[in-house]
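S.K.: File model-v7.cif follows (mmCIF, C-alpha atoms):
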data_work
loop_
_atom_site.group_PDB
_atom_site.id
_atom_site.type_symbol
_atom_site.label_atom_id
_atom_site.label_comp_id
_atom_site.auth_asym_id
_atom_site.auth_seq_id
_atom_site.Cartn_x
_atom_site.Cartn_y
_atom_site.Cartn_z
ATOM 1 C CA CYS A 291 -5.371 15.467 25.424
ATOM 2 C CA ILE A 292 -4.785 17.061 21.988
ATOM 3 C CA LEU A 293 -6.688 17.374 18.711
ATOM 4 C CA LYS A 294 -6.652 14.286 16.480
ATOM 5 C CA MET A 295 -4.194 12.547 18.784
ATOM 6 C CA ASP A 296 -2.108 9.892 17.076
ATOM 7 C CA HIS A 297 0.115 8.698 19.935
ATOM 8 C CA HIS A 298 2.483 9.896 22.632
ATOM 9 C CA CYS A 299 6.055 9.730 21.372
ATOM 10 C CA PRO A 300 8.746 9.274 24.049
ATOM 11 C CA TRP A 301 11.521 10.137 21.588
ATOM 12 C CA ILE A 302 10.309 13.715 21.140
ATOM 13 C CA TYR A 303 8.663 13.765 24.615
ATOM 14 C CA ASN A 304 5.407 15.093 23.256
ATOM 15 C CA CYS A 305 2.010 14.035 21.977
ATOM 16 C CA VAL A 306 1.667 13.737 18.205
ATOM 17 C CA GLY A 307 -1.580 15.077 16.803
ATOM 18 C CA PHE A 308 -3.160 17.502 14.389
ATOM 19 C CA ALA A 309 -0.753 20.414 14.929
ATOM 20 C CA ASN A 310 2.539 18.511 14.723
ATOM 21 C CA TYR A 311 1.852 15.252 12.875
ATOM 22 C CA LYS A 312 3.386 16.592 9.669
ATOM 23 C CA PHE A 313 6.582 17.501 11.506
ATOM 24 C CA PHE A 314 6.700 14.061 13.115
ATOM 25 C CA PHE A 315 6.203 12.434 9.730
ATOM 26 C CA LEU A 316 9.011 14.527 8.226
ATOM 27 C CA LEU A 317 11.233 13.553 11.166
ATOM 28 C CA LEU A 318 10.721 9.897 10.259
ATOM 29 C CA HIS A 319 11.254 10.660 6.582
ATOM 30 C CA TYR A 320 14.590 12.414 6.988
ATOM 31 C CA ALA A 321 15.777 10.042 9.728
ATOM 32 C CA MET A 322 15.155 7.131 7.362
ATOM 33 C CA LEU A 323 17.092 8.845 4.565
ATOM 34 C CA ASP A 324 19.988 9.698 6.904
ATOM 35 C CA THR A 325 20.339 6.210 8.349
ATOM 36 C CA HIS A 326 20.248 4.613 4.894
ATOM 37 C CA LEU A 327 22.831 7.107 3.681
ATOM 38 C CA ILE A 328 25.117 6.172 6.585
ATOM 39 C CA VAL A 329 24.726 2.435 6.023
ATOM 40 C CA TRP A 330 25.291 2.388 2.280
ATOM 41 C CA SER A 331 28.086 4.972 2.282
ATOM 42 C CA MET A 332 30.002 3.005 4.929
ATOM 43 C CA MET A 333 30.051 -0.216 2.913
ATOM 44 C CA GLU A 334 33.251 0.796 1.143
ATOM 45 C CA SER A 335 35.005 1.514 4.450
ATOM 46 C CA VAL A 336 33.817 -1.790 5.904
ATOM 47 C CA MET A 337 35.148 -3.731 2.916
ATOM 48 C CA ARG A 338 38.457 -1.890 3.195
ATOM 49 C CA CYS A 339 38.763 -2.910 6.846
ATOM 50 C CA ILE A 340 38.039 -6.528 5.947
ATOM 51 C CA ASN A 341 40.461 -6.673 3.009
ATOM 52 C CA GLU A 342 43.372 -4.978 4.792
ATOM 53 C CA PRO A 343 44.900 -7.248 7.466
ATOM 54 C CA ALA A 344 46.882 -4.346 8.952
ATOM 55 C CA THR A 345 43.724 -2.543 10.116
ATOM 56 C CA PRO A 346 43.901 -1.860 13.876
ATOM 57 C CA PHE A 347 41.447 -3.777 16.009
ATOM 58 C CA LEU A 348 39.926 -0.625 17.521
ATOM 59 C CA THR A 349 39.274 0.835 14.069
ATOM 60 C CA MET A 350 37.658 -2.398 12.890
ATOM 61 C CA PHE A 351 35.553 -2.652 16.050
ATOM 62 C CA LEU A 352 34.291 0.910 15.779
ATOM 63 C CA MET A 353 33.577 0.479 12.070
ATOM 64 C CA PHE A 354 31.520 -2.691 12.545
ATOM 65 C CA PHE A 355 29.755 -1.303 15.622
ATOM 66 C CA THR A 356 28.778 1.884 13.775
ATOM 67 C CA VAL A 357 27.480 0.187 10.653
ATOM 68 C CA THR A 358 25.582 -2.419 12.712
ATOM 69 C CA LEU A 359 23.921 0.273 14.809
ATOM 70 C CA ALA A 360 23.070 2.316 11.706
ATOM 71 C CA PHE A 361 21.609 -0.749 9.980
ATOM 72 C CA PHE A 362 19.496 -1.580 13.044
ATOM 73 C CA LEU A 363 18.158 1.974 13.283
ATOM 74 C CA ALA A 364 17.541 2.132 9.522
ATOM 75 C CA THR A 365 15.475 -1.061 9.676
ATOM 76 C CA LEU A 366 13.347 0.128 12.603
ATOM 77 C CA ILE A 367 12.799 3.630 11.247
ATOM 78 C CA THR A 368 11.961 2.331 7.769
ATOM 79 C CA ALA A 369 9.337 -0.035 9.208
ATOM 80 C CA PHE A 370 7.867 2.731 11.387
ATOM 81 C CA TYR A 371 7.916 5.190 8.485
ATOM 82 C CA SER A 372 6.169 2.684 6.206
ATOM 83 C CA PHE A 373 3.525 2.086 8.875
ATOM 84 C CA HIS A 374 2.747 5.798 9.118
ATOM 85 C CA ILE A 375 2.553 6.087 5.339
ATOM 86 C CA TRP A 376 -0.052 3.337 5.420
ATOM 87 C CA LEU A 377 -1.941 5.110 8.217
ATOM 88 C CA MET A 378 -1.860 8.397 6.332
ATOM 89 C CA LEU A 379 -3.179 6.865 3.114
ATOM 90 C CA TRP A 380 -6.033 5.179 5.022
ATOM 91 C CA ALA A 381 -6.846 8.332 7.047
ATOM 92 C CA MET A 382 -6.294 6.608 10.371
ATOM 93 C CA THR A 383 -4.369 7.378 13.533
ATOM 94 C CA THR A 384 -2.316 4.926 15.555
ATOM 95 C CA ILE A 385 -5.007 4.891 18.257
ATOM 96 C CA GLU A 386 -7.718 4.085 15.688
ATOM 97 C CA PHE A 387 -5.551 1.290 14.293
ATOM 98 C CA CYS A 388 -5.024 -0.248 17.729
ATOM 99 C CA GLU A 389 -8.716 0.020 18.617
ATOM 100 C CA LYS A 390 -10.350 -1.021 15.352
ATOM 101 C CA ARG A 391 -7.878 -3.016 13.279
ATOM 102 C CA LEU A 392 -6.210 -5.235 15.860
ATOM 103 C CA PRO A 393 -8.165 -8.295 17.077
ATOM 104 C CA LYS A 394 -9.697 -8.284 20.526
ATOM 105 C CA LYS A 395 -8.039 -10.139 23.369
ATOM 106 C CA ASP A 396 -11.035 -12.400 23.958
ATOM 107 C CA SER A 397 -11.391 -13.358 20.287
ATOM 108 C CA GLY A 398 -8.999 -13.885 17.458
ATOM 109 C CA ASP A 399 -11.197 -12.253 14.837
ATOM 110 C CA SER A 400 -10.615 -8.754 13.569
ATOM 111 C CA ARG A 401 -13.386 -6.208 13.930
ATOM 112 C CA GLY A 402 -13.652 -5.739 10.172
ATOM 113 C CA TYR A 403 -12.564 -2.091 10.144
ATOM 114 C CA GLU A 404 -11.464 -1.568 6.563
ATOM 115 C CA THR A 405 -11.522 2.169 5.843
ATOM 116 C CA SER A 406 -11.912 5.326 7.856
ATOM 117 C CA VAL A 407 -15.140 7.288 7.692
ATOM 118 C CA TYR A 408 -12.970 10.375 7.156
ATOM 119 C CA ASP A 409 -11.274 8.912 4.079
ATOM 120 C CA LEU A 410 -10.701 11.595 1.418
ATOM 121 C CA GLY A 411 -9.084 9.418 -1.203
ATOM 122 C CA PHE A 412 -5.383 9.096 -2.036
ATOM 123 C CA CYS A 413 -4.579 12.762 -2.714
ATOM 124 C CA GLY A 414 -7.061 14.068 -0.160
ATOM 125 C CA ASN A 415 -5.507 12.049 2.649
ATOM 126 C CA LEU A 416 -2.039 13.308 1.705
ATOM 127 C CA ARG A 417 -3.238 16.917 1.742
ATOM 128 C CA ALA A 418 -4.922 16.389 5.111
ATOM 129 C CA VAL A 419 -1.502 15.614 6.638
ATOM 130 C CA LEU A 420 1.134 17.353 4.521
ATOM 131 C CA GLY A 421 -0.800 20.482 3.537
ATOM 132 C CA ASP A 422 -2.532 21.788 0.441
ATOM 133 C CA ASN A 423 0.614 22.934 -1.381
ATOM 134 C CA MET A 424 2.331 19.915 -2.924
ATOM 135 C CA LEU A 425 5.620 21.827 -3.348
ATOM 136 C CA LEU A 426 5.878 22.246 0.433
ATOM 137 C CA TRP A 427 5.039 18.693 1.427
ATOM 138 C CA PHE A 428 8.608 17.801 2.397
ATOM 139 C CA PHE A 429 9.398 21.066 4.150
ATOM 140 C CA PRO A 430 8.547 21.815 7.804
ATOM 141 C CA CYS A 431 5.986 24.484 6.930
ATOM 142 C CA ASP A 432 2.491 24.827 5.462
ATOM 143 C CA ARG A 433 0.410 23.024 8.032
ATOM 144 C CA PRO A 434 -2.751 21.254 6.873
ATOM 145 C CA SER A 435 -5.855 23.395 6.623
ATOM 146 C CA GLY A 436 -8.614 23.108 9.178
ATOM 147 C CA ASP A 437 -9.088 23.658 12.881
ATOM 148 C CA GLY A 438 -8.556 20.093 14.057
ATOM 149 C CA LEU A 439 -12.160 19.794 15.225
ATOM 150 C CA ASN A 440 -14.177 19.369 12.033
ATOM 151 C CA PHE A 441 -13.124 16.797 9.446
ATOM 152 C CA MET A 442 -16.383 16.529 7.542
ATOM 153 C CA SER A 443 -16.413 17.554 3.886
ATOM 154 C CA ASP A 444 -18.187 16.608 0.687
ATOM 155 C CA GLU A 445 -15.389 14.131 -0.096
ATOM 156 C CA THR A 446 -15.394 12.132 3.141
ATOM 157 C CA ARG A 447 -16.934 8.674 3.174
ATOM 158 C CA LEU A 448 -18.913 9.568 6.293
ATOM 159 C CA THR A 449 -20.711 12.381 4.458
ATOM 160 C CA LYS A 450 -21.558 10.119 1.537
ATOM 161 C CA GLU A 451 -22.820 7.388 3.848
ATOM 162 C CA LEU A 452 -24.941 9.854 5.799
ATOM 163 C CA GLU A 453 -26.444 11.183 2.586
ATOM 164 C CA SER A 454 -27.149 7.694 1.264
ATOM 165 C CA GLY A 455 -28.557 6.703 4.650
ATOM 166 C CA LYS A 456 -30.909 9.680 4.617
ATOM 167 C CA GLY A 457 -32.093 8.644 1.169
ATOM 168 C CA ILE A 458 -32.708 5.090 2.312
ATOM 169 C CA ARG A 459 -34.562 6.221 5.426
ATOM 170 C CA ARG A 460 -36.596 8.693 3.360
ATOM 171 C CA ARG A 461 -37.632 6.006 0.865
ATOM 172 C CA SER A 462 -38.439 3.577 3.672
ATOM 173 C CA HIS A 463 -40.506 6.210 5.441
ATOM 174 C CA GLN A 464 -42.424 6.980 2.245
ATOM 175 C CA ARG A 465 -43.180 3.302 1.670
ATOM 176 C CA THR A 466 -44.400 2.980 5.253
ATOM 177 C CA GLN A 467 -46.616 6.041 4.920
ATOM 178 C CA ARG A 468 -48.131 4.752 1.683
ATOM 179 C CA THR A 469 -48.805 1.411 3.331
ATOM 180 C CA LEU A 470 -50.428 2.969 6.374
ATOM 181 C CA ARG A 471 -52.744 5.053 4.173
ATOM 182 C CA THR A 472 -54.348 1.942 2.655
ATOM 183 C CA PRO A 473 -58.187 2.007 3.115
ATOM 184 C CA ARG A 474 -59.352 0.179 6.147
ATOM 185 C CA GLY A 475 -61.709 -1.978 4.121
ATOM 186 C CA THR A 476 -58.913 -3.390 1.972
ATOM 187 C CA PRO A 477 -59.003 -7.196 2.124
ATOM 188 C CA LEU A 478 -55.860 -8.680 3.622
ATOM 189 C CA LEU A 479 -54.595 -12.182 4.072
ATOM 190 C CA PRO A 480 -54.765 -13.544 7.604
ATOM 191 C CA GLY A 481 -51.685 -12.636 9.576
ATOM 192 C CA GLY A 482 -50.853 -9.754 7.248
ATOM 193 C CA PHE A 483 -49.190 -6.518 8.216
ATOM 194 C CA TYR A 484 -52.433 -4.643 8.781
ATOM 195 C CA SER A 485 -53.936 -7.474 10.778
ATOM 196 C CA SER A 486 -51.025 -7.325 13.178
ATOM 197 C CA MET A 487 -51.296 -3.535 13.301
ATOM 198 C CA GLY A 488 -55.049 -3.549 13.991
ATOM 199 C CA TYR A 489 -56.040 -2.180 10.573
ATOM 200 C CA GLY A 490 -57.942 -5.233 9.363
ATOM 201 C CA GLY A 491 -61.467 -5.105 7.946
ATOM 202 C CA ARG A 492 -64.431 -4.802 10.255
#
Re-express the file's structure as structure tokens.

M.R.:
Amino acid sequence: CILKMDHHCPWIYNCVGFANYKFFFLLLHYAMLDTHLIVWSMMESVMRCINEPATPFLTMFLMFFTVTLAFFLATLITAFYSFHIWLMLWAMTTIEFCEKRLPKKDSGDSRGYETSVYDLGFCGNLRAVLGDNMLLWFFPCDRPSGDGLNFMSDETRLTKELESGKGIRRRSHQRTQRTLRTPRGTPLLPGGFYSSMGYGGR
């Protein structure tokens, strides 16, 4: 439904794709930092509640409930954030990962999808998501360049494979043409290529 769709996020009630993936990634980044800040800064208060027997029960309950909830959210967000870092560095979306990396239901083998055909390398993949200006990577501005429709460039693996494939097909075509131009009186072994093609001697 959108360009370069990654997934539909129920937490922001919107689809994540080309236009807003950077903002979604920064949301995970700052949410991870905030939850870790809450957890580790509350450790002193938690230890004070444990070491002081006169602490009211309600205060202790709220303290332990808050730090447990923050730790749970920090763990989930950190795992999700790490997963999207991995996706970004491999130039994949969540949909591509689910379709090409996960094993099929009818077989336990993976499909062997190792890298994306749109892979631009380490720095190129970062720029494709966070923008061209490195100083603005962690600010909600400077969207990545492009129109969201064309992802081909001289650096993508798909372009290199297409160029190498053209070279292979060109060399194969030239070899075939040279073979087909062999004189019709050329002696061939029985069952050879030209015998099967009807180019044998008279």

S.K.: Care to translate the PyMOL selection byres ((chain A and resi 375) around 12) into actual residues of this file, as a compact mmCIF listing (two decimals) with C-alpha atoms, keeping the file's coordinate frame?

M.R.:
# COMPACT_ATOMS: atom_id res chain seq x y z
CA TYR A 311 1.85 15.25 12.88
CA LYS A 312 3.39 16.59 9.67
CA PHE A 314 6.70 14.06 13.12
CA PHE A 315 6.20 12.43 9.73
CA LEU A 316 9.01 14.53 8.23
CA LEU A 318 10.72 9.90 10.26
CA HIS A 319 11.25 10.66 6.58
CA THR A 368 11.96 2.33 7.77
CA ALA A 369 9.34 -0.04 9.21
CA PHE A 370 7.87 2.73 11.39
CA TYR A 371 7.92 5.19 8.48
CA SER A 372 6.17 2.68 6.21
CA PHE A 373 3.52 2.09 8.88
CA HIS A 374 2.75 5.80 9.12
CA TRP A 376 -0.05 3.34 5.42
CA LEU A 377 -1.94 5.11 8.22
CA MET A 378 -1.86 8.40 6.33
CA LEU A 379 -3.18 6.86 3.11
CA TRP A 380 -6.03 5.18 5.02
CA ALA A 381 -6.85 8.33 7.05
CA MET A 382 -6.29 6.61 10.37
CA THR A 383 -4.37 7.38 13.53
CA THR A 384 -2.32 4.93 15.56
CA PHE A 412 -5.38 9.10 -2.04
CA ASN A 415 -5.51 12.05 2.65
CA LEU A 416 -2.04 13.31 1.70
CA VAL A 419 -1.50 15.61 6.64
CA LEU A 420 1.13 17.35 4.52

S.K.: Enter the distance from atom CA of His298 of chain A to atom CA of Glu386 of chain A, in Å, rounded to one decimal.

M.R.: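 Interatomic distance, atom CA of His298 of chain A to atom CA of Glu386 of chain A: 13.6 Å.
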
S.K.: At what distance in Å, to one decimal, does atom CA of Gly436 of chain A lie from atom CA of Ile302 of chain A?

M.R.: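 Atom-to-atom, atom CA of Ile302 of chain A to atom CA of Gly436 of chain A, that is 24.3 Å.
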
S.K.: Just want the 12 Å neighbourhood of Leu363 of chain A, counted on all atoms listed in the file, with same-chain residues fewer than 3 positions away dropped. Output as a list of chain:residue names.

M.R.: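 Near Leu363 of chain A, the qualifying residues are A:Leu318, A:Ala321, A:Met322, A:Leu323, A:Asp324, A:Thr325, A:His326, A:Leu327, A:Ile328, A:Val329, A:Thr356, A:Val357, A:Thr358, A:Leu359, A:Ala360, A:Leu366, A:Ile367, A:Thr368, A:Ala369, A:Phe370, A:Tyr371.
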
S.K.: Atom CA of Ile385 of chain A and atom CA of Leu293 of chain A, how far apart in Å?

M.R.: 12.6 Å

S.K.: Near Val306 of chain A, within 7 Å and counting all atoms listed in the file, which residues show up once chain neighbours fewer than 2 positions away are dropped, as a list in words?

M.R.: Met295, Asp296, His297, His298, Cys299, Asn304, Asn310 and Tyr311 of chain A

S.K.: Kindly indicate which residue among A:Lys390, A:Pro346, A:Ala418, A:Asn341 lies nearest to Ser406 of chain A, using all atoms listed in the file for the distances.

M.R.: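 Of A:Lys390, A:Pro346, A:Ala418, A:Asn341, the one nearest Ser406 of chain A, counting all atoms listed in the file, is A:Lys390.
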
S.K.: Smallest atom-to-atom distance to Cys305 of chain A: which of A:Cys388, A:Leu425, A:Asp437, A:Ile292, using all atoms listed in the file?

M.R.: A:Ile292

S.K.: Can you translate the PyMOL selection byres ((chain A and resi 438) around 9) into the concrete residues it hits in this file, as a list in words?

M.R.: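 In the shown coordinates, the PyMOL selection byres ((chain A and resi 438) around 9) covers Leu293, Lys294, Phe308, Ala309, Ser435, Gly436, Asp437, Leu439, Asn440 and Phe441 of chain A.
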